[in-house]
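This report refers to the structure that appears directly beneath it.
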Amino acid sequence: MKGSFSKSLSIAVALCSFALHLPAEESGTPKTVRLLTVGNSFSHNATHYLGDLAKADGNTLILREDNVGGASLEVHWNKVQAFEKNPADKLGVYTGGKSLKDDLKGGHWDFVTIQQASIKSHDLATYRPFAVEMRDFIKQYAPDAMLLLHETWEYRLDDARFSPKTPQPGEPKSQDEMYRELADAYATTARELGLRRIPVGDAFHLANHDPQWGFHALAMPFDSQHAKTGELPDQTHSLNVGWNWKKQKDGQVKLGMDGHHASTAGEYLGACVWYEVLFGKSAEGNRFVPPGLDADYARFLQATAHRAIAELH
């Protein structure tokens with residue numbers, strides 16, 4: 001039984017590898033992809049524009065998101081166990097009152113994705129044993145789906161996490177260190193599970209370090225303590241939300257810093273990576289560009305996504 005599973009997995013990986021390298025001109029037939037994400041807001045960020053990219057090429061995305069804000073692999077596995085123990089327990093279900101088992105059995109998915117919470121992404125120990133448990137559960141109830149590991153991304157280089165007065169033991173002290181550790185953890189987990197990665201983290205790192213298009217916040221200091229309402233620093237080419245003003249529940253507008261979640265540019269870059277993996281077509285030349293995103297910058301992001309895929313394989 002174990003040998004049969006390994007053989008099937010090898011065939012599936014080989015087929016996915018072929019799809020990733022299929023030239024666009026040879027895949028002109030409209031394609032429908034059914035995708036289930038089991039993640040958090042980072043999965044939502046990275047798939048925000050995925051349907052638009054697909055539509056621009058004449059393809060269709062059917063997406064179900066079993067996402068929970070900030071959720072780790074452990075959180076999702078605990079939800080699985082909660083439902084198995086008591087189907088009436090609300091802790092075991094997602095939006096719409098469905099459990100992961102319900103969605104896996106009823107979706108006829110082409111792809112299912114899992115990921116680690118970004119705050120834990122650097123720590124390989126946090127993937128174990130939950131990544132294996134999730135893989136086995138998903139393969140049991142959606143055996144025909146291709147299971148993929150979504151590699152999340154580094155935080156913005158001026159994120160508060162990288163400037164603590166007393167760094168916590170084992171915590172990354174810089175953007176580069178966070179990337180190196182999360183990339184290693186995802187690569188190791190992918191090998192252990194026999195899964196292919198969606199290298200969004202690699203694409204972010206490539207874009208952030210590009211001499212022309214990379215974001216260099218430290219060269220543009222911002223006095224957040226004395227900023228006037230609506231005042232923001234130049235955040236051109238930031239792949240993360242960064243500094244922003246938000247209306248609070250009491251009606252006041254407050255300045256905040258989000259160096260974690262993806263900006264419009266980051267969401268577009270992530271979606272381009274996902275598009276190449278799931279649809280087997282290059283994102284380069286895709287006609288969809290989010291409103292407000294510079295056309296030349298969009299072409300760079302498309303090329304960066306394509307490069308991340310090429311360098312992974």
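Ligands are numbered from 1 in the order shown, chains are lettered A, B, ... in the order of the structure tokens, and residues start at 1 in each chain.
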
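When the distance limit is 9 Å and only C-alpha atoms are what count, the residues near Ala117 of chain A, minus those fewer than 5 positions from it on the same chain, are Gly39, Asn40, Phe42, Gly70, Ala71, Ser72, Leu73 and Thr152 of chain A.
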
Enumerate, in order of chain and increasing residue number, the residues of segment 76-151 of chain A with an atom no farther than 7 Å from segment 180-197 of chain A, each with its shortest atom pair and distance in Å to one decimal, counting only C-alpha atoms, as a Markdown table.
| residue | atom | partner | partner_atom | distance |
| --- | --- | --- | --- | --- |
| A:Ser121 | CA | A:Leu182 | CA | 5.1 |
| A:His122 | CA | A:Leu182 | CA | 4.0 |
| A:Asp123 | CA | A:Ala185 | CA | 6.7 |
| A:Leu124 | CA | A:Ala185 | CA | 5.0 |
| A:Val132 | CA | A:Leu193 | CA | 6.6 |
| A:Leu147 | CA | A:Leu195 | CA | 6.7 |
| A:Leu148 | CA | A:Arg196 | CA | 5.4 |
| A:Leu149 | CA | A:Arg197 | CA | 4.7 |
| A:His150 | CA | A:Arg197 | CA | 5.8 |
| A:Glu151 | CA | A:Tyr186 | CA | 6.3 |

Taking N, CA and C atoms for each residue, export the selection above as a compact mmCIF listing (two decimals), in the first residue's frame.
# COMPACT_ATOMS: atom_id res chain seq x y z
N SER A 121 7.01 30.82 10.32
CA SER A 121 7.54 30.23 9.09
C SER A 121 9.03 29.92 9.14
N HIS A 122 9.76 30.62 10.00
CA HIS A 122 11.21 30.42 10.08
C HIS A 122 11.59 29.20 10.91
N ASP A 123 10.64 28.69 11.68
CA ASP A 123 10.93 27.66 12.68
C ASP A 123 10.44 26.30 12.19
N LEU A 124 11.36 25.47 11.73
CA LEU A 124 11.01 24.17 11.17
C LEU A 124 10.25 23.30 12.18
N VAL A 132 2.62 16.86 8.21
CA VAL A 132 2.41 15.46 7.81
C VAL A 132 0.97 15.05 8.07
N LEU A 147 -1.71 18.21 -3.96
CA LEU A 147 -1.46 18.98 -2.74
C LEU A 147 -0.18 19.78 -2.91
N LEU A 148 -0.25 21.09 -2.63
CA LEU A 148 0.89 22.00 -2.79
C LEU A 148 1.18 22.71 -1.49
N LEU A 149 2.44 23.10 -1.31
CA LEU A 149 2.87 23.83 -0.12
C LEU A 149 3.11 25.29 -0.50
N HIS A 150 2.30 26.18 0.04
CA HIS A 150 2.42 27.61 -0.25
C HIS A 150 3.50 28.23 0.62
N GLU A 151 4.59 28.64 0.00
CA GLU A 151 5.68 29.30 0.71
C GLU A 151 5.34 30.77 0.91

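Using only C-alpha atoms, the contacts of Trp213 of chain A at a cut-off of 8 Å, with sequence neighbours closer than 6 positions omitted, comprise Ala207, His237, Tyr297 and Phe300 of chain A.
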
Using only C-alpha atoms, please write the residues we just selected to a file, as a PDB file, in the first residue's frame.
ATOM      1  CA  ALA A 207      11.763  41.575  -6.073  1.00  0.00           C
ATOM      2  CA  HIS A 237       7.418  49.385  -4.832  1.00  0.00           C
ATOM      3  CA  TYR A 297       6.385  47.632 -12.634  1.00  0.00           C
ATOM      4  CA  PHE A 300       8.727  43.366 -13.715  1.00  0.00           C
TER       5      PHE A 300
END

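Proximity to Lys55 of chain A was assessed for A:Gln248, A:Asn86, A:Gln175, A:Thr32 counting only C-alpha atoms; the smallest distance is recorded for A:Thr32.
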
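Every protein, DNA or RNA residue with an atom at most 8 Å from segment 273-275 of chain A, where only C-alpha atoms count and chain neighbours fewer than 6 positions away do not, is listed here: Ala46, Thr47, Leu50, Leu53, Ala54, Ile198, Pro199, Val200, Ala203, Lys281, Ser282, Ala283, Ala305, His306, Ala308 and Ile309 of chain A.
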
Selection export as a PDB file, in the first residue's frame, atoms kept: N, CA and C atoms:
ATOM      1  N   ALA A  46      -2.385  36.165  -1.596  1.00  0.00           N
ATOM      2  CA  ALA A  46      -1.706  35.626  -2.780  1.00  0.00           C
ATOM      3  C   ALA A  46      -2.658  35.169  -3.871  1.00  0.00           C
ATOM      4  N   THR A  47      -3.928  34.938  -3.530  1.00  0.00           N
ATOM      5  CA  THR A  47      -4.889  34.511  -4.549  1.00  0.00           C
ATOM      6  C   THR A  47      -5.875  35.619  -4.924  1.00  0.00           C
ATOM      7  N   LEU A  50      -5.729  36.118  -8.566  1.00  0.00           N
ATOM      8  CA  LEU A  50      -5.533  34.906  -9.346  1.00  0.00           C
ATOM      9  C   LEU A  50      -6.649  34.687 -10.358  1.00  0.00           C
ATOM     10  N   LEU A  53      -6.178  37.064 -13.357  1.00  0.00           N
ATOM     11  CA  LEU A  53      -5.131  36.604 -14.272  1.00  0.00           C
ATOM     12  C   LEU A  53      -5.654  35.460 -15.133  1.00  0.00           C
ATOM     13  N   ALA A  54      -6.387  34.547 -14.521  1.00  0.00           N
ATOM     14  CA  ALA A  54      -6.947  33.419 -15.266  1.00  0.00           C
ATOM     15  C   ALA A  54      -7.936  33.902 -16.327  1.00  0.00           C
ATOM     16  N   ILE A 198       4.871  26.373  -3.844  1.00  0.00           N
ATOM     17  CA  ILE A 198       4.492  27.569  -4.606  1.00  0.00           C
ATOM     18  C   ILE A 198       5.411  28.666  -4.082  1.00  0.00           C
ATOM     19  N   PRO A 199       6.456  29.039  -4.825  1.00  0.00           N
ATOM     20  CA  PRO A 199       7.550  29.854  -4.270  1.00  0.00           C
ATOM     21  C   PRO A 199       7.287  31.357  -4.210  1.00  0.00           C
ATOM     22  N   VAL A 200       6.211  31.735  -3.537  1.00  0.00           N
ATOM     23  CA  VAL A 200       5.914  33.166  -3.406  1.00  0.00           C
ATOM     24  C   VAL A 200       6.990  33.856  -2.582  1.00  0.00           C
ATOM     25  N   ALA A 203       9.877  34.702  -4.732  1.00  0.00           N
ATOM     26  CA  ALA A 203       9.581  35.825  -5.628  1.00  0.00           C
ATOM     27  C   ALA A 203       9.654  37.159  -4.893  1.00  0.00           C
ATOM     28  N   LYS A 281       1.013  28.150 -17.216  1.00  0.00           N
ATOM     29  CA  LYS A 281       1.288  29.165 -18.229  1.00  0.00           C
ATOM     30  C   LYS A 281       2.127  30.281 -17.614  1.00  0.00           C
ATOM     31  N   SER A 282       2.960  30.882 -18.419  1.00  0.00           N
ATOM     32  CA  SER A 282       3.762  31.992 -17.937  1.00  0.00           C
ATOM     33  C   SER A 282       2.874  33.193 -17.636  1.00  0.00           C
ATOM     34  N   ALA A 283       3.200  33.890 -16.556  1.00  0.00           N
ATOM     35  CA  ALA A 283       2.478  35.116 -16.219  1.00  0.00           C
ATOM     36  C   ALA A 283       2.939  36.282 -17.085  1.00  0.00           C
ATOM     37  N   ALA A 305       8.002  36.644 -11.004  1.00  0.00           N
ATOM     38  CA  ALA A 305       7.266  35.413 -10.697  1.00  0.00           C
ATOM     39  C   ALA A 305       7.763  34.273 -11.573  1.00  0.00           C
ATOM     40  N   HIS A 306       7.940  34.557 -12.853  1.00  0.00           N
ATOM     41  CA  HIS A 306       8.421  33.541 -13.796  1.00  0.00           C
ATOM     42  C   HIS A 306       9.835  33.084 -13.419  1.00  0.00           C
ATOM     43  N   ALA A 308      11.160  33.106 -10.374  1.00  0.00           N
ATOM     44  CA  ALA A 308      11.085  32.310  -9.161  1.00  0.00           C
ATOM     45  C   ALA A 308      10.711  30.860  -9.473  1.00  0.00           C
ATOM     46  N   ILE A 309       9.782  30.689 -10.402  1.00  0.00           N
ATOM     47  CA  ILE A 309       9.395  29.338 -10.807  1.00  0.00           C
ATOM     48  C   ILE A 309      10.557  28.635 -11.503  1.00  0.00           C
TER      49      ILE A 309
END

(request) Kindly indicate which residue among A:Asp258, A:Asp159, A:Glu154, A:Asp102 lies nearest to Glu177 of chain A, using only C-alpha atoms for the distances. (result) A:Glu154

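Closest approach to Gly106 of chain A among A:Ser43, A:Leu36, A:Tyr127, A:Glu284 is made by A:Leu36 (distances from only C-alpha atoms).
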
(request) Would you please extract all strand (DSSP E) residues from segment 39-268 of chain A, as assigned by DSSP on the backbone, and give them as number ranges by chain? (result) A: 39, 60-67, 111-114, 146-150, 196-198, 240-247, 253-262

Generate the output file for the selected residues, C-alpha atoms, as a short mmCIF file (atom, residue, chain, number, x, y, z; two decimals), in the first residue's frame.
data_model
loop_
_atom_site.label_atom_id
_atom_site.label_comp_id
_atom_site.auth_asym_id
_atom_site.auth_seq_id
_atom_site.Cartn_x
_atom_site.Cartn_y
_atom_site.Cartn_z
CA GLY A 39 -4.31 28.77 5.21
CA THR A 60 -11.49 30.03 -15.06
CA LEU A 61 -10.67 29.76 -11.35
CA ILE A 62 -13.06 28.15 -8.87
CA LEU A 63 -11.80 29.00 -5.40
CA ARG A 64 -12.82 27.93 -1.91
CA GLU A 65 -10.90 29.43 1.00
CA ASP A 66 -10.70 27.50 4.26
CA ASN A 67 -8.64 30.30 5.76
CA PHE A 111 -5.32 21.59 -6.12
CA VAL A 112 -5.34 21.91 -2.36
CA THR A 113 -2.77 24.10 -0.61
CA ILE A 114 -1.40 24.29 2.92
CA MET A 146 -2.57 17.82 -6.19
CA LEU A 147 -1.46 18.98 -2.74
CA LEU A 148 0.89 22.00 -2.79
CA LEU A 149 2.87 23.83 -0.12
CA HIS A 150 2.42 27.61 -0.25
CA ARG A 196 5.87 20.90 -4.66
CA ARG A 197 6.24 24.45 -3.34
CA ILE A 198 4.49 27.57 -4.61
CA ASN A 240 3.77 44.97 1.92
CA VAL A 241 1.01 47.30 3.09
CA GLY A 242 3.39 49.31 5.27
CA TRP A 243 2.32 52.57 6.91
CA ASN A 244 -1.41 53.27 6.63
CA TRP A 245 -4.20 55.28 8.21
CA LYS A 246 -7.27 53.38 9.41
CA LYS A 247 -10.53 54.46 10.94
CA VAL A 253 -8.22 57.72 12.33
CA LYS A 254 -5.02 56.08 13.50
CA LEU A 255 -1.65 55.53 11.87
CA GLY A 256 -0.47 51.95 11.79
CA MET A 257 2.30 49.83 10.32
CA ASP A 258 1.62 46.54 8.55
CA GLY A 259 4.89 45.06 7.36
CA HIS A 260 3.36 41.60 7.06
CA HIS A 261 0.47 41.57 4.62
CA ALA A 262 0.82 42.10 0.90
#

Could I get the residues of segment 113-208 of chain A with an atom no further than 9 Å from an atom of segment 87-101 of chain A, each paired with its nearest atom pair and that distance in Å to one decimal, using only C-alpha atoms, sorted by chain and residue number, as CSV?
residue,atom,partner,partner_atom,distance
A:Phe137,CA,A:Lys101,CA,8.4
A:Ile138,CA,A:Lys101,CA,8.0
A:Tyr141,CA,A:Lys101,CA,6.7
A:Ala142,CA,A:Lys101,CA,8.9

(message) Taking the DSSP secondary structure from the backbone, can you list the residues of segment 19-212 of chain A that are alpha helix (DSSP H), as a PyMOL selection string?
(response) chain A and resi 19-20+41-47+50-56+73-85+100-107+130-141+175-193+200-208

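You can rank A:Val289, A:Val80, A:Val68, A:Ile119 by their closest distance to Glu133 of chain A using only C-alpha atoms, and at the top of that list sits A:Val80.
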